[in-house]
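For reference, run-v2.cif is printed below; it contains mmCIF, C-alpha atoms.
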data_input
#
loop_
_atom_site.label_atom_id
_atom_site.label_comp_id
_atom_site.auth_asym_id
_atom_site.auth_seq_id
_atom_site.Cartn_x
_atom_site.Cartn_y
_atom_site.Cartn_z
CA MET A 1 10.72 1.77 6.48
CA GLN A 2 13.75 -0.46 6.78
CA ASP A 3 12.01 -3.23 4.82
CA LEU A 4 11.28 -0.77 1.99
CA LEU A 5 14.92 0.29 1.91
CA GLU A 6 15.85 -3.38 1.69
CA ARG A 7 13.29 -3.86 -1.11
CA TYR A 8 14.75 -0.86 -2.99
CA PRO A 9 18.49 -0.95 -2.20
CA ASP A 10 19.25 1.61 -4.92
CA HIS A 11 16.89 4.21 -3.36
CA ARG A 12 18.13 6.66 -0.74
CA PRO A 13 15.75 7.84 2.04
CA ALA A 14 14.44 11.42 2.25
CA PHE A 15 11.92 12.75 4.77
CA LEU A 16 9.71 15.70 3.76
CA ASN A 17 8.68 18.22 6.39
CA VAL A 18 5.82 20.68 5.96
CA GLY A 19 6.54 23.10 3.12
CA GLN A 20 9.17 20.92 1.48
CA GLY A 21 9.19 19.32 -1.94
CA GLY A 22 11.12 18.86 -5.11
CA ILE A 23 12.06 16.83 -8.15
CA TYR A 24 14.08 13.65 -7.73
CA GLU A 25 16.40 12.51 -10.51
CA SER A 26 17.92 9.61 -8.59
CA PRO A 27 15.92 6.80 -6.97
CA THR A 28 14.68 7.94 -3.56
CA ILE A 29 12.32 6.68 -0.88
CA ALA A 30 10.55 9.96 -0.08
CA HIS A 31 8.30 9.75 2.96
CA THR A 32 6.17 12.08 5.02
CA VAL A 33 3.30 12.12 7.52
CA LEU A 34 0.09 13.95 6.63
CA GLY A 35 -2.91 15.10 8.63
CA SER A 36 -4.84 17.93 7.00
CA CYS A 37 -1.85 18.60 4.74
CA VAL A 38 -1.71 17.29 1.17
CA SER A 39 1.00 15.66 -0.91
CA VAL A 40 0.83 15.13 -4.64
CA THR A 41 3.30 12.82 -6.32
CA PHE A 42 4.45 13.32 -9.91
CA PHE A 43 5.94 10.34 -11.74
CA VAL A 44 7.29 10.26 -15.28
CA PRO A 45 7.58 6.58 -16.31
CA GLY A 46 10.72 5.73 -18.20
CA ARG A 47 12.35 9.14 -17.70
CA GLY A 48 13.88 8.76 -14.23
CA LEU A 49 12.04 11.79 -12.87
CA ALA A 50 9.61 12.11 -9.99
CA GLY A 51 8.41 14.83 -7.65
CA ILE A 52 6.54 15.22 -4.39
CA PHE A 53 5.65 17.97 -1.91
CA HIS A 54 4.08 18.37 1.55
CA ALA A 55 1.77 21.41 1.52
CA LEU A 56 0.09 22.94 4.57
CA LEU A 57 -2.50 25.31 3.10
CA PRO A 58 -4.69 25.38 -0.04
CA ARG A 59 -4.11 28.62 -2.00
CA ALA A 60 -1.31 31.16 -1.67
CA GLU A 61 -3.60 34.02 -2.72
CA GLU A 62 -5.63 33.55 0.47
CA TYR A 63 -2.61 34.62 2.53
CA ARG A 64 -1.74 38.08 1.27
CA LEU A 65 1.18 38.62 3.66
CA HIS A 66 2.97 35.54 2.36
CA ASP A 67 5.33 35.52 -0.61
CA PRO A 68 4.69 32.18 -2.36
CA GLU A 69 8.01 32.39 -4.20
CA SER A 70 9.91 32.17 -0.91
CA SER A 71 8.23 28.87 0.02
CA PRO A 72 6.29 27.48 -2.99
CA TYR A 73 5.68 24.10 -1.35
CA LYS A 74 3.75 25.54 1.60
CA PHE A 75 0.61 25.95 -0.54
CA VAL A 76 -1.08 23.22 -2.58
CA ASP A 77 -1.68 25.38 -5.67
CA THR A 78 1.83 26.84 -5.90
CA ALA A 79 3.44 23.48 -5.09
CA ILE A 80 1.63 21.79 -7.99
CA ARG A 81 2.45 24.65 -10.37
CA THR A 82 6.10 24.68 -9.26
CA LEU A 83 6.67 20.95 -9.78
CA PHE A 84 4.83 20.99 -13.11
CA ALA A 85 6.90 23.96 -14.33
CA ARG A 86 10.14 22.25 -13.28
CA LEU A 87 9.16 19.12 -15.23
CA GLU A 88 8.10 21.18 -18.27
CA ARG A 89 11.51 22.93 -18.27
CA ARG A 90 13.03 19.45 -18.60
CA GLY A 91 10.95 18.81 -21.72
CA ILE A 92 8.30 16.65 -20.02
CA SER A 93 4.79 16.84 -21.49
CA ARG A 94 1.73 16.90 -19.21
CA TYR A 95 0.65 13.68 -20.92
CA GLU A 96 3.73 11.84 -19.60
CA ILE A 97 3.08 12.73 -15.94
CA GLU A 98 1.18 10.47 -13.57
CA CYS A 99 -0.10 12.26 -10.45
CA LYS A 100 -1.40 10.82 -7.19
CA VAL A 101 -3.04 12.81 -4.36
CA PHE A 102 -2.85 12.05 -0.62
CA GLY A 103 -3.89 13.56 2.72
CA GLY A 104 -6.51 16.12 3.63
CA ALA A 105 -7.81 14.49 6.81
CA SER A 106 -10.30 16.41 8.94
CA ALA A 107 -10.93 16.29 12.66
CA LEU A 108 -13.96 14.30 13.79
CA PHE A 109 -16.14 17.36 14.40
CA ALA A 110 -14.47 19.72 11.94
CA GLU A 111 -16.37 22.42 10.18
CA GLU A 112 -17.76 21.51 6.76
CA MET A 113 -14.99 23.29 4.85
CA SER A 114 -12.00 22.24 6.93
CA VAL A 115 -8.51 23.05 5.74
CA GLY A 116 -8.02 19.35 4.89
CA ARG A 117 -11.01 19.33 2.58
CA ARG A 118 -9.98 22.66 1.00
CA ASN A 119 -6.46 21.29 0.46
CA VAL A 120 -7.86 18.27 -1.39
CA GLU A 121 -10.25 20.35 -3.50
CA THR A 122 -7.43 22.73 -4.40
CA ALA A 123 -5.20 19.83 -5.43
CA PHE A 124 -7.79 18.32 -7.76
CA SER A 125 -8.84 21.66 -9.26
CA THR A 126 -5.25 22.83 -9.86
CA LEU A 127 -4.30 19.51 -11.46
CA ALA A 128 -7.39 19.72 -13.70
CA GLU A 129 -6.57 23.33 -14.70
CA LEU A 130 -3.12 22.18 -15.80
CA GLY A 131 -4.48 19.15 -17.66
CA LEU A 132 -2.67 16.69 -15.41
CA ARG A 133 -4.27 13.29 -14.86
CA VAL A 134 -4.78 11.80 -11.42
CA ALA A 135 -4.00 8.09 -11.46
CA ALA A 136 -4.90 7.44 -7.80
CA SER A 137 -5.79 9.15 -4.56
CA ASN A 138 -6.24 8.44 -0.88
CA VAL A 139 -7.76 11.54 0.70
CA GLY A 140 -10.09 12.83 3.40
CA GLY A 141 -11.38 10.90 6.36
CA GLU A 142 -10.52 11.48 9.98
CA ARG A 143 -7.14 9.75 10.13
CA GLY A 144 -3.70 10.96 9.19
CA ARG A 145 -1.48 9.00 6.83
CA LYS A 146 2.13 8.09 6.44
CA ILE A 147 3.05 7.91 2.77
CA VAL A 148 6.16 6.43 1.24
CA PHE A 149 6.99 7.18 -2.41
CA ALA A 150 9.51 5.06 -4.33
CA THR A 151 10.52 7.64 -6.93
CA GLY A 152 12.28 5.12 -9.14
CA THR A 153 9.14 3.03 -9.68
CA GLY A 154 6.27 5.44 -8.90
CA GLU A 155 4.93 3.11 -6.21
CA ILE A 156 3.19 4.65 -3.19
CA PHE A 157 2.70 2.96 0.15
CA VAL A 158 0.05 4.42 2.49
CA LYS A 159 -0.44 3.64 6.17
CA LEU A 160 -3.43 5.11 8.00
CA LEU A 161 -2.53 6.36 11.45
CA SER A 162 -4.36 5.45 14.63
CA ASN A 163 -7.47 7.47 15.50
CA ASN A 164 -6.23 7.52 19.09
CA ASN A 165 -3.43 9.87 18.11
CA PRO A 166 -5.02 12.73 16.17
CA MET A 167 -2.43 14.68 14.29
CA LEU A 168 -2.32 17.87 12.32
CA CYS A 169 0.36 19.15 10.00
CA ARG A 170 2.22 21.76 11.96
CA ARG A 171 5.43 23.53 11.32
#
Translate the structure of the given file into structure tokens.
Amino acid sequence: MQDLLERYPDHRPAFLNVGQGGIYESPTIAHTVLGSCVSVTFFVPGRGLAGIFHALLPRAEEYRLHDPESSPYKFVDTAIRTLFARLERRGISRYEIECKVFGGASALFAEEMSVGRRNVETAFSTLAELGLRVAASNVGGERGRKIVFATGTGEIFVKLLSNNNPMLCRR
């Protein structure tokens, strides 16, 4: 991480916990660690805007006792819709936004429709519904990931975590 901060001296560091996200107007090195959770990055080239979230679960509607407005970044679908709406309010067109999808790992012997897989499927389907293009992705598998997002350039750095240390996204 220190070498990235040296590479981008104008970027400030920010760590995202589960259920956190937002829009960044100033250059930031946003980083998080994902297991079954999913992050989607939003980058608007030439406009100085970027966004990212760390979501735990696929769809808010599946959890009827939860109010998605109180924590919109906890769910993949509401997190994507929230960031997109915040960019639209700033006059950004869907055609200007570059999205990238990360995470969604599953345990070695996980059921076929693990939460990681459902998180990934929800991310891609919600982005498609909104007409947002996915420029890159690194999803699935059995290993967690550390991702680092340079919001000023749109660059993403991904490090796969060791299989010896299985991890899940937990609050």
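Evaluated against this file, the PyMOL selection byres ((chain A and resi 14) around 10) yields A:His11, A:Arg12, A:Pro13, A:Phe15, A:Leu16, A:Asn17, A:Thr28, A:Ile29, A:Ala30, A:His31, A:Thr32, A:Val148, A:Phe149.
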Task: Selection near region 80-95 of chain A, 9 Å with all atoms listed in the file, sequence-local residues under 6 positions removed, as a VMD selection string - done: chain A and resid 21 to 23 40 42 44 47 49 to 53 72 to 73 123 126 to 127 130 to 133
As lines of an AutoDock Vina configuration file, please report the centre and edge lengths, rounded to one decimal in Å, of the axis-aligned box that holds all listed atoms of region 50-59 of chain A with 6 Å of padding on each of the six sides.
center_x = 2.5
center_y = 20.4
center_z = -2.7
size_x = 26.3
size_y = 28.5
size_z = 26.6
Open item on the list: Considering all atoms listed in the file, can you say which of A:Leu34, A:Val101, A:Glu96, A:Ala55 comes closest to Leu160 (chain A)?
Closed with: A:Leu34
Open item on the list: Taking all atoms listed in the file into account, name the residue in A:Ser71, A:Arg59, A:Asp3, A:Val38 that is nearest to Gly19 (chain A).
Closed with: A:Ser71
Task: Spatial neighbours of Val115 (chain A), max dist 8 Å, all atoms listed in the file, sep filter under 5 positions, as a ChimeraX atom specification - done: /A:36,57-58,104,106
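A straight line drawn from CA of Ala135 (chain A) to CA of Val33 (chain A) is 20.7 Å long.
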Open item on the list: So the first atom is CA of Asp10 (chain A) and the second is CA of Tyr24 (chain A); what is the distance between them in Å, to one decimal place?
Closed with: 13.4 Å
Task: Residues selected by the PyMOL selection byres ((chain A and resi 137) around 6), written as a PyMOL selection string - done: chain A and resi 100-102+136+138
How would the residues just picked look written out with C-alpha atoms as a compact mmCIF listing (two decimals), keeping the file's coordinate frame?
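Result file is part_38.txt:
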# COMPACT_ATOMS: atom_id res chain seq x y z
CA LYS A 100 -1.40 10.82 -7.19
CA VAL A 101 -3.04 12.81 -4.36
CA PHE A 102 -2.85 12.05 -0.62
CA ALA A 136 -4.90 7.44 -7.80
CA ASN A 138 -6.24 8.44 -0.88
Open item on the list: Give me the residues near Gly46 (chain A) as a PyMOL selection string, where near means some atom within 12 Å (using all atoms listed in the file) and where sequence neighbours in that chain fewer than 4 positions away do not count.
Closed with: chain A and resi 25+50+92+96-98+151-154
